[in-house]
$ cat protein-v4.pdb   # PDB, C-alpha atoms and all ligand atoms
ATOM      1  CA  MET A  24       0.000   0.000   0.000
ATOM      2  CA  GLU A  25       1.236   3.474  -0.992
ATOM      3  CA  GLY A  26       2.997   5.269   1.844
ATOM      4  CA  CYS A  27       2.903   2.296   4.254
ATOM      5  CA  VAL A  28       6.201   1.961   6.113
ATOM      6  CA  PHE A  29       5.858  -1.806   6.688
ATOM      7  CA  CYS A  30       5.048  -2.395   3.000
ATOM      8  CA  GLY A  31       8.263  -0.448   2.293
ATOM      9  CA  ILE A  32      10.228  -2.675   4.675
ATOM     10  CA  ALA A  33       8.625  -5.853   3.230
ATOM     11  CA  ASN A  34       9.644  -4.706  -0.284
ATOM     12  CA  HIS A  35      13.181  -3.901   0.935
ATOM     13  CA  GLU A  36      12.665  -0.273  -0.114
ATOM     14  CA  ILE A  37      13.066   0.860   3.510
ATOM     15  CA  PRO A  38      16.039  -0.609   5.412
ATOM     16  CA  SER A  39      15.525  -2.764   8.489
ATOM     17  CA  THR A  40      17.402  -5.386  10.489
ATOM     18  CA  VAL A  41      15.819  -8.594   9.260
ATOM     19  CA  VAL A  42      15.724 -11.553  11.664
ATOM     20  CA  TYR A  43      13.644 -13.958   9.555
ATOM     21  CA  GLU A  44      12.031 -13.852   6.127
ATOM     22  CA  ASP A  45      10.101 -16.183   3.858
ATOM     23  CA  ASP A  46       7.749 -15.688   0.904
ATOM     24  CA  GLN A  47       4.834 -14.564   3.126
ATOM     25  CA  VAL A  48       6.398 -12.920   6.176
ATOM     26  CA  ILE A  49       9.246 -10.614   7.193
ATOM     27  CA  ALA A  50      10.436 -10.226  10.803
ATOM     28  CA  PHE A  51      12.696  -7.302  11.725
ATOM     29  CA  ARG A  52      13.936  -5.475  14.822
ATOM     30  CA  ASP A  53      11.776  -2.638  16.163
ATOM     31  CA  LEU A  54      13.294   0.827  15.700
ATOM     32  CA  GLU A  55      12.575   1.678  19.350
ATOM     33  CA  PRO A  56      12.967  -1.592  21.271
ATOM     34  CA  VAL A  57      11.299  -1.899  24.686
ATOM     35  CA  ALA A  58      12.984  -5.235  25.509
ATOM     36  CA  LYS A  59      16.268  -6.972  24.622
ATOM     37  CA  THR A  60      14.397  -8.862  21.947
ATOM     38  CA  HIS A  61      11.793  -6.692  20.233
ATOM     39  CA  VAL A  62      10.998  -8.009  16.787
ATOM     40  CA  LEU A  63       8.001  -7.235  14.571
ATOM     41  CA  VAL A  64       6.473 -10.114  12.598
ATOM     42  CA  VAL A  65       4.773  -8.673   9.523
ATOM     43  CA  PRO A  66       2.929 -10.269   6.581
ATOM     44  CA  LYS A  67       4.257  -9.077   3.223
ATOM     45  CA  GLU A  68       0.667  -8.460   2.027
ATOM     46  CA  HIS A  69      -0.958  -5.365   3.505
ATOM     47  CA  TYR A  70      -3.734  -5.961   6.085
ATOM     48  CA  ALA A  71      -4.680  -3.172   8.487
ATOM     49  CA  ASN A  72      -4.912  -5.441  11.540
ATOM     50  CA  LEU A  73      -6.533  -8.654  12.816
ATOM     51  CA  ILE A  74     -10.032  -7.268  12.092
ATOM     52  CA  ASP A  75      -9.174  -7.359   8.389
ATOM     53  CA  ASP A  76      -9.811 -10.571   6.403
ATOM     54  CA  VAL A  77      -6.428 -12.140   7.016
ATOM     55  CA  PRO A  78      -6.111 -15.567   5.335
ATOM     56  CA  ALA A  79      -5.515 -18.526   7.638
ATOM     57  CA  ASP A  80      -2.296 -19.461   5.838
ATOM     58  CA  THR A  81      -0.932 -15.955   6.449
ATOM     59  CA  LEU A  82      -1.678 -16.262  10.172
ATOM     60  CA  ALA A  83      -0.021 -19.691  10.193
ATOM     61  CA  ALA A  84       3.043 -18.244   8.444
ATOM     62  CA  MET A  85       3.196 -15.487  11.077
ATOM     63  CA  ALA A  86       2.983 -18.065  13.890
ATOM     64  CA  ASN A  87       5.810 -20.024  12.279
ATOM     65  CA  ALA A  88       7.858 -16.827  11.995
ATOM     66  CA  VAL A  89       7.381 -16.161  15.730
ATOM     67  CA  LYS A  90       9.051 -19.514  16.456
ATOM     68  CA  ARG A  91      11.882 -18.835  14.020
ATOM     69  CA  VAL A  92      12.488 -15.430  15.660
ATOM     70  CA  ALA A  93      12.514 -17.007  19.137
ATOM     71  CA  GLU A  94      15.068 -19.571  17.937
ATOM     72  CA  ALA A  95      17.184 -16.900  16.218
ATOM     73  CA  ASP A  96      17.434 -14.922  19.465
ATOM     74  CA  GLY A  97      17.736 -18.047  21.664
ATOM     75  CA  ILE A  98      14.646 -17.182  23.729
ATOM     76  CA  GLU A  99      12.467 -20.198  22.920
ATOM     77  CA  GLY A 100      13.369 -21.736  26.293
ATOM     78  CA  SER A 101      13.323 -18.620  28.498
ATOM     79  CA  GLY A 102       9.987 -17.413  27.136
ATOM     80  CA  PHE A 103       8.620 -14.382  25.351
ATOM     81  CA  ARG A 104       5.436 -12.380  24.770
ATOM     82  CA  VAL A 105       3.504 -11.782  21.527
ATOM     83  CA  ILE A 106       1.356  -8.644  21.259
ATOM     84  CA  ALA A 107      -0.954  -7.491  18.443
ATOM     85  CA  ASN A 108      -2.064  -3.909  19.075
ATOM     86  CA  THR A 109      -5.357  -3.702  17.196
ATOM     87  CA  GLY A 110      -7.094  -0.364  16.691
ATOM     88  CA  ASP A 111      -7.291   2.852  18.658
ATOM     89  CA  ASP A 112      -7.829   1.592  22.220
ATOM     90  CA  ALA A 113      -4.731  -0.599  21.868
ATOM     91  CA  GLY A 114      -2.712   2.340  20.541
ATOM     92  CA  GLN A 115      -1.937   0.811  17.148
ATOM     93  CA  THR A 116       0.280   3.337  15.357
ATOM     94  CA  VAL A 117       1.288   1.463  12.192
ATOM     95  CA  HIS A 118      -1.803   0.296  10.330
ATOM     96  CA  HIS A 119      -0.201  -2.735   8.714
ATOM     97  CA  LEU A 120      -0.768  -5.957  10.677
ATOM     98  CA  HIS A 121       2.174  -6.822  12.944
ATOM     99  CA  TRP A 122       2.932  -8.894  16.022
ATOM    100  CA  HIS A 123       5.465  -7.658  18.553
ATOM    101  CA  VAL A 124       7.725 -10.450  19.861
ATOM    102  CA  LEU A 125       9.201  -9.341  23.197
ATOM    103  CA  GLY A 126      11.691 -11.229  25.360
ATOM    104  CA  GLY A 127      15.296 -11.782  26.269
ATOM    105  CA  GLU A 128      14.682 -10.582  29.848
ATOM    106  CA  PRO A 129      11.888 -10.789  32.462
ATOM    107  CA  LEU A 130       9.037  -8.656  31.099
ATOM    108  CA  GLY A 131       6.995  -8.037  34.239
ATOM    109  CA  ALA A 132       3.231  -8.310  34.443
ATOM    110  CA  GLY A 133       2.082  -5.083  32.787
ATOM    111  CA  LEU A 134      -1.600  -5.438  31.932
ATOM    112  CA  LEU A 135      -1.298  -9.198  31.572
TER     113      LEU A 135
HETATM  114  P1  LIG B   1       2.168  -0.386  17.183
HETATM  115  O1  LIG B   1       2.088   0.674  18.237
HETATM  116  O2  LIG B   1       1.479   0.036  15.900
HETATM  117  O3  LIG B   1       1.735  -1.743  17.654
HETATM  118  O4  LIG B   1       3.714  -0.545  16.907
HETATM  119  C1  LIG B   1       4.397  -0.036  15.814
HETATM  120  C2  LIG B   1       5.865  -0.304  16.067
HETATM  121  O5  LIG B   1       6.566  -0.068  14.864
HETATM  122  C3  LIG B   1       6.493   0.600  17.150
HETATM  123  O6  LIG B   1       7.041  -0.221  18.172
HETATM  124  C4  LIG B   1       7.571   1.367  16.376
HETATM  125  O7  LIG B   1       8.740   1.570  17.135
HETATM  126  C5  LIG B   1       7.820   0.483  15.159
HETATM  127  N1  LIG B   1       8.237   1.186  13.971
HETATM  128  C6  LIG B   1       7.620   2.271  13.413
HETATM  129  N2  LIG B   1       8.267   2.655  12.300
HETATM  130  C7  LIG B   1       9.307   1.795  12.139
HETATM  131  C8  LIG B   1      10.332   1.670  11.158
HETATM  132  O8  LIG B   1      10.429   2.443  10.197
HETATM  133  N3  LIG B   1      11.220   0.668  11.312
HETATM  134  C9  LIG B   1      11.153  -0.211  12.362
HETATM  135  N4  LIG B   1      12.074  -1.170  12.430
HETATM  136  N5  LIG B   1      10.196  -0.130  13.307
HETATM  137  C10 LIG B   1       9.290   0.866  13.196
HETATM  138 ZN    ZN B   2       1.456  -1.989   4.425
END

$ encode --input "protein-v4.pdb" --output "structure tokens"
Amino acid sequence: MEGCVFCGIANHEIPSTVVYEDDQVIAFRDLEPVAKTHVLVVPKEHYANLIDDVPADTLAAMANAVKRVAEADGIEGSGFRVIANTGDDAGQTVHHLHWHVLGGEPLGAGLL
């Protein structure tokens, strides 16, 4: 989608630090990390968020990418958190579907 920063990253038009990539998904480090591991898992197709009609195989590819990211950062054993900010009340700022993968240190309880 025109002007979408995550479409730009998925197309390799905007630089990012890529952790994992396949034909459906790209996972890259957040520009402003809030934990030692803070990676965004993003479908290459543009969907606004989980309320959009996201195909099941895209969601499965994202779930697989989460595991690959955890393995890449060696946090599959210590644990991690996956967050999908969806819409205004969640404070979604980039309107291209993405899952935050947070870990590498104790995360605390927060809201959850
Ligand atoms: P949201 O609040 O929409 O769930 O999170 C958007 C995330 O995207 C934020 O954590 C923000 O730091 C990250 N972000 C925004 N623009 C860029 C960018 O150009 N590159 C990278 N790597 N991360 C970005
Ligand atoms: Zn996009």

$ closest_residue --input "protein-v4.pdb" --among "A:Asp111, A:Glu36, A:Glu99, A:Asp53" --to "A:Asn72" --atoms "all atoms listed in the file"
A:Asp111

$ resolve_selection --input "protein-v4.pdb" --expression "the PyMOL selection byres (((not hetatm)) within 6 of (chain B and resi 2))" --output "list in words"
Met24, Cys27, Phe29, Cys30, His69 and His119 of chain A

$ residues_near_ligand --input "protein-v4.pdb" --ligand "ligand LIG 1 (chain B)" --cutoff "6 Å" --atoms "all atoms listed in the file" --output "VMD selection string"
chain A and resid 28 39 52 to 55 108 114 to 117

$ residues_around --input "protein-v4.pdb" --residues "A:Val48" --least-positions-apart "3" --cutoff "8 Å" --atoms "all atoms listed in the file" --output "compact mmCIF listing (two decimals) with C-alpha atoms, in the coordinates of the input"
# COMPACT_ATOMS: atom_id res chain seq x y z
CA ALA A 33 8.62 -5.85 3.23
CA GLU A 44 12.03 -13.85 6.13
CA ASP A 45 10.10 -16.18 3.86
CA VAL A 64 6.47 -10.11 12.60
CA VAL A 65 4.77 -8.67 9.52
CA PRO A 66 2.93 -10.27 6.58
CA LYS A 67 4.26 -9.08 3.22
CA THR A 81 -0.93 -15.96 6.45
CA ALA A 84 3.04 -18.24 8.44
CA MET A 85 3.20 -15.49 11.08
CA ALA A 88 7.86 -16.83 12.00

$ residues_around --input "protein-v4.pdb" --residues "A:His61" --least-positions-apart "2" --cutoff "12 Å" --atoms "all atoms listed in the file" --output "number ranges by chain"
A: 40-42, 50-59, 63-64, 89, 92-93, 96, 98, 103-106, 122-128, 130
